[in-house]
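Note sheet for the following structure.
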Amino acid sequence: MSTPVTTSTLPQAPTFEQVREDLIRPLHKNTFANKLWIRFLIVIIILGAIAYSHQLIKGLGVTDMRDYSAWGVYIANFVFWVAVSLIGSLISSILKLLHQNWSNPLSRIAEMIALGAITMAAASIVIDMGRPDRLQNVVLHGRLQSPILWDFFVVNTYLVISIILLYLPLIPDIAILRDRMTDSPPWQRKLYKALSLGWHGTQEQWRLLRRSMIVMIILILPVAFSIHTVTSWLFAVNSRTGWHSTIFGPYFIAGAFVAGSAAVIIAMYVFRKRHKLQQYITDRHFNMMNKLLVLTMLLYLYFNINEYLVPGYTWQRLDGEHLRELFLGHQAPLFWLTQILGLVAPIVLLLFRRMRKPLPSLIISIFVLLGAWMKRMLIVIPTQFHPEFPIQNVPKHFLEYIPTYTEYVISAATLAGAMLIITLLVRVFPVVPIWEEAHDRGINKIFKAEKTSNIHENEA
Amino acid sequence: MKMKRNILVTAALGVAFLYSGLLANAQDFAPWPVPDEAAAVENPVALTKESLQAGKSLFDLQCKACHGESGKGDGLIKSANLTTPEFLAQTDGAIHYKIYHGRGVMPGFSTLPDEQLWDVINYVRSLSMVRDSADLKDATISLYFNDAEGQRELTAKVEETNAEGEVVPVAGMKVNFAVQTHFVLGQLPVVPADHYTNENGMVTVVFNDTLIGDGEGMLQVVASIQDMEYKPAQVTEAVGWGVPNPQDYWTERRALWKNNDYVPIWLLISFTGSALAIWLTIVYVALLVRKIKLEGDRYENDVNT
């Protein structure tokens, strides 16, 4: 086992040691750019914390949420973050169960994005609360009949599952890091030692790990579908135009896969460049990811047509008002920009092979992700201005919702928070799974960390 | 439906409240000049018990909402206090003129028979007459049900104990008949017109048997008196004269809109069932991970020994 098996048909195919060193090399040095980036994110988070304490002291009056628009950018952020977090389940679970092995090097990126996003989804809900000190009442006095309670349960469950699903495939890699990263600071070595769980790659350990992984991969599917379906039900179970729709569950899930795929493509580009992983995250991966993005976008387009054409055809009283506002009214520029630049144009562009190359697809994915966020705003906010009962005696400025600086700064801080979580994870853990990469290249089927290899031979 | 009605009622009350506030600030009851010839008109209705009772009926119906039960202007809308010396200094003719014509939020009542307006004026004046409750006499009221010849009748009997200690009937006493509603303290009048006891202290009315009772058709019938000479008295008797209402009460059933004690069974099972299944699976995986750790420890022990 100490001499890796090289595939003779591929000249200069990398050995296991080469793969291992390539993938852990970025962990050895904390570059100046990385330090600067982390500090930049922390500054934004501090600004967000200041804005949030302002909101906490003064109350939600510092936002522009009023009688009509009682849900604003925070809830749009929540839906956006939940959507992005679903990518963990798509790549790590659905593609794995379908034996789409090309996606294996991307699974950890997806899981890290999922963890960052679901954490910020939970944070967004707390941010939206006027009295976060009463959060425990959701558990103590929550009604089982309320989708809010279901959402509270499923968001927390998904957070736990995301952590486990990120952690399980990391265990063999952490064991490698434990053995190889001996020059790292003591805290880091302690972390590796604790998290590697005494992994030595014995048959029994592999058996246990494989079993836990297959259980989690299957478990995450219903939970992931629940989390976004329940999020959509927060809207759909209200008898409100634009929300009260039977397709909201699948519509949200399709939209979630679009947002998450775009986020993964952006992250792929960044890590490939920064960690010099061109050999591991190849043009083929971009090609395949973009095809997956087109697939999910076509599905999302189909749901969009359903969602807007059916009420648009009947043009009922409130539906008509709501849709006129979206199609022709003062939401129209944003609506059409979102739908065209964030959905239709990317689909058309990504049909061309050249657009599925890293750089063009990065730019397209940024548009898709921005569009995904804008779309959440367009789903959450305009509906609230068309209630069944007009609200009386409200000042005129209640009739529109324009987020305040406080809201923007706090929102930016959640974005920075998600990116900081991903950055810190990437700082200590390899972004491409080492053992899976080696396994897929046929270099090692079930390998052991070097330190113990001779003992294994003795046993044998 | 109920929700909608509640919203409408709340909105209406809110508007009335705001409106009243605005008006109170805007004018605060500017002087209301009355032409001399109107003020000089004399009240043709004598101040009798019947007039006061008729006046009270009309006052309760038309005036009480704004002017308040005691006429102090403390109803829903800020309105004139009908018990101040300034108010009482007016002639009956002047008050009649104001009721007849109205002003601002105070509507005119020109369509009502003149006699009723004079009754109300008599009653309004009586509001400021101080009456010690010790002066009020005690009366007892009893209620009888007659169900003969297909006609259901209620009979109330009002009696008092006179100076000689004899129980004697009270004649000419107005008796109100009502049924208890489901709401706390709610009473639904069941006989529209006013009815007075005869010389035997009895009054008999035909019962409207289309009223909806509880599951067995039971109704709580209330007969009561409210008089200026007597203390209020009432009697409540149960009778199975209502239309049975076997319908389940939603308040006692499990439903989506109820509190946690009334969670629908299907929801309870599906939610707790899936929550339990998910978390048991997570616990199972956690146990597997623990086994990985134990296996690692065992392996390291083997290596070291």
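A note on labels: chains of the structure tokens are A, B, ... as shown, every chain counts residues from 1, and ligands are counted from 1 in their shown order.
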How close does each residue of chain A get to chain B, giving the shortest atom pair and distance in Å to one decimal for every residue with an atom at most 7 Å away, counting only C-alpha atoms, sorted by chain and residue number, as a Markdown table?
```
| residue | atom | partner | partner_atom | distance |
| --- | --- | --- | --- | --- |
| A:Arg143 | CA | B:Asn260 | CA | 5.2 |
| A:Leu144 | CA | B:Asn260 | CA | 6.3 |
| A:Gln145 | CA | B:Leu256 | CA | 5.6 |
| A:Leu197 | CA | B:Lys293 | CA | 4.7 |
| A:Gly198 | CA | B:Gly296 | CA | 4.3 |
| A:Trp199 | CA | B:Gly296 | CA | 5.4 |
| A:His200 | CA | B:Gly296 | CA | 6.4 |
| A:Gln205 | CA | B:Ile292 | CA | 5.3 |
| A:Leu208 | CA | B:Leu288 | CA | 6.1 |
| A:Ser212 | CA | B:Val285 | CA | 5.3 |
```
I need the residues from that last selection saved to file as a compact mmCIF listing (two decimals), in the first residue's frame (with C-alpha atoms), if you can.
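Below is the file that was written, out.txt:
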```txt
# COMPACT_ATOMS: atom_id res chain seq x y z
CA ARG A 143 -48.49 25.94 17.63
CA LEU A 144 -47.86 22.67 15.84
CA GLN A 145 -50.37 23.85 13.22
CA LEU A 197 -11.54 10.50 15.54
CA GLY A 198 -8.49 8.28 15.50
CA TRP A 199 -9.06 7.48 11.87
CA HIS A 200 -6.62 4.92 10.51
CA GLN A 205 -13.80 2.26 10.06
CA LEU A 208 -18.89 2.44 9.47
CA SER A 212 -23.15 6.64 7.96
```
(request) Write out as an MDAnalysis selection string all residues of range 329-412 of chain A that DSSP puts in helix (DSSP H, G or I) for this structure's backbone. (result) chainID A and resid 332:350 353:356 358:380 382:385 396:399 405:412
(message) My list of candidates is A:Thr157, A:Met181, A:Ile379, A:Leu195. Which is closest to Phe252 in chain A when distances are computed with only C-alpha atoms?
(response)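 That would be A:Ile379, the residue with the smallest distance to Phe252 in chain A.
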(request) Name all residues at most 6 Å from range 381-393 of chain A (count only C-alpha atoms; drop same-chain ones fewer than 6 positions away) and give them as a ChimeraX atom specification. (result) /A:68-69,242
Filtering to C-alpha atoms, could you give me those residues as a JSON list (two decimals), in the first residue's frame?
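Just written: again-v9.json:
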```json
[["chain", "number", "residue", "atom", "x", "y", "z"],
["A", 68, "TYR", "CA", -48.45, 46.76, 4.42],
["A", 69, "SER", "CA", -45.00, 45.34, 3.93],
["A", 242, "GLY", "CA", -49.07, 35.89, -5.70]]
```
(message) I'd like the neighbourhood of Leu349 in chain A as a PyMOL selection string, where a residue qualifies if any of its atoms comes within 12 Å (using only C-alpha atoms), though same-chain residues fewer than 3 positions away should be ignored.
(response) chain A and resi 290-291+293-294+340-346+352-357+360-361+363-365+368
Got time to write the residues from that selection, N, CA and C atoms, as a compact mmCIF listing (two decimals), in the first residue's frame?
```txt
# COMPACT_ATOMS: atom_id res chain seq x y z
N ASN A 290 -22.44 23.72 -15.63
CA ASN A 290 -23.27 24.66 -16.36
C ASN A 290 -24.44 23.96 -17.04
N LYS A 291 -24.18 22.72 -17.49
CA LYS A 291 -25.30 21.96 -18.05
C LYS A 291 -26.36 21.70 -16.96
N LEU A 293 -26.83 23.59 -14.42
CA LEU A 293 -27.48 24.89 -14.19
C LEU A 293 -28.57 25.13 -15.23
N VAL A 294 -28.25 24.83 -16.50
CA VAL A 294 -29.27 25.03 -17.55
C VAL A 294 -30.47 24.14 -17.28
N ILE A 340 -35.13 38.29 -17.33
CA ILE A 340 -34.37 38.17 -18.57
C ILE A 340 -32.89 37.95 -18.28
N LEU A 341 -32.30 38.83 -17.45
CA LEU A 341 -30.86 38.70 -17.20
C LEU A 341 -30.55 37.55 -16.25
N GLY A 342 -31.50 37.22 -15.38
CA GLY A 342 -31.24 36.18 -14.39
C GLY A 342 -31.73 34.81 -14.79
N LEU A 343 -32.50 34.72 -15.86
CA LEU A 343 -33.08 33.42 -16.19
C LEU A 343 -33.02 33.12 -17.69
N VAL A 344 -33.66 33.95 -18.49
CA VAL A 344 -33.79 33.61 -19.91
C VAL A 344 -32.44 33.74 -20.63
N ALA A 345 -31.78 34.89 -20.46
CA ALA A 345 -30.51 35.08 -21.16
C ALA A 345 -29.47 34.03 -20.75
N PRO A 346 -29.31 33.71 -19.46
CA PRO A 346 -28.35 32.66 -19.10
C PRO A 346 -28.67 31.32 -19.76
N PHE A 352 -24.38 27.53 -25.57
CA PHE A 352 -23.15 27.54 -26.38
C PHE A 352 -21.99 27.02 -25.55
N ARG A 353 -21.21 26.14 -26.16
CA ARG A 353 -20.13 25.49 -25.44
C ARG A 353 -19.13 26.51 -24.88
N ARG A 354 -18.87 27.56 -25.69
CA ARG A 354 -17.86 28.53 -25.27
C ARG A 354 -18.27 29.26 -23.99
N MET A 355 -19.58 29.42 -23.78
CA MET A 355 -20.08 30.12 -22.59
C MET A 355 -19.97 29.24 -21.35
N ARG A 356 -19.74 27.96 -21.54
CA ARG A 356 -19.63 27.08 -20.38
C ARG A 356 -18.19 26.96 -19.91
N LYS A 357 -17.29 27.76 -20.49
CA LYS A 357 -15.90 27.83 -20.02
C LYS A 357 -15.88 28.59 -18.69
N PRO A 360 -16.55 32.88 -18.72
CA PRO A 360 -17.91 33.31 -19.09
C PRO A 360 -18.96 32.77 -18.12
N SER A 361 -18.75 31.52 -17.67
CA SER A 361 -19.78 30.97 -16.79
C SER A 361 -19.74 31.64 -15.42
N ILE A 363 -19.24 34.86 -14.97
CA ILE A 363 -20.02 36.10 -15.12
C ILE A 363 -21.52 35.78 -15.20
N ILE A 364 -21.85 34.74 -15.95
CA ILE A 364 -23.26 34.37 -16.07
C ILE A 364 -23.81 33.98 -14.70
N SER A 365 -23.01 33.21 -13.95
CA SER A 365 -23.49 32.74 -12.64
C SER A 365 -23.71 33.90 -11.67
N VAL A 368 -26.98 35.18 -12.50
CA VAL A 368 -28.03 34.25 -12.06
C VAL A 368 -28.25 34.39 -10.55
```
(message) Report as number ranges by chain all protein, DNA and RNA residues lying within 12 Å of Lys273 in chain A, evaluated on only C-alpha atoms, omitting residues in the same chain fewer than 6 positions from it.
(response) A: 26, 266-267, 279-282, 358-359, 362
(message) I'd like to know which residues of range 4-208 of chain B are strand (DSSP E) (by DSSP, run on the backbone); could you write them as a ChimeraX atom specification?
(response) /B:140-148,151-161,167-169,176-180,187-189,202-206
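Atom pair CA of His330 in chain A / CA of Gly59 in chain A: separated by 29.1 Å.
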Distance table requested - range 14-132 of chain B against range 170-174 of chain B, cut-off 10 Å, only C-alpha atoms: one row per qualifying residue with the closest atom pair and its distance in Å to one decimal, ordered by chain and rising residue number, as JSON lines.
```
{"residue": "B:Lys49", "atom": "CA", "partner": "B:Gly172", "partner_atom": "CA", "distance": 9.1}
{"residue": "B:Glu50", "atom": "CA", "partner": "B:Gly172", "partner_atom": "CA", "distance": 8.5}
{"residue": "B:Gln53", "atom": "CA", "partner": "B:Lys174", "partner_atom": "CA", "distance": 7.8}
{"residue": "B:Ala54", "atom": "CA", "partner": "B:Lys174", "partner_atom": "CA", "distance": 9.9}
```
(request) Go through A:Ala114, A:Ile265, A:Val139, A:Ile434 one by one, measure the shortest atom-to-atom distance of each to Asp283 in chain A using only C-alpha atoms, and give the residue with the smallest value. (result)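 For Asp283 in chain A, the nearest of the given residues is A:Ile265.
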(request) Do a neighbour search on Arg178 in chain A at 12 Å with only C-alpha atoms, toss out local chain neighbours closer than 2 positions, and write the hits as an MDAnalysis selection string. (result) chainID A and resid 24 170:176 180:200 428:429 449:451
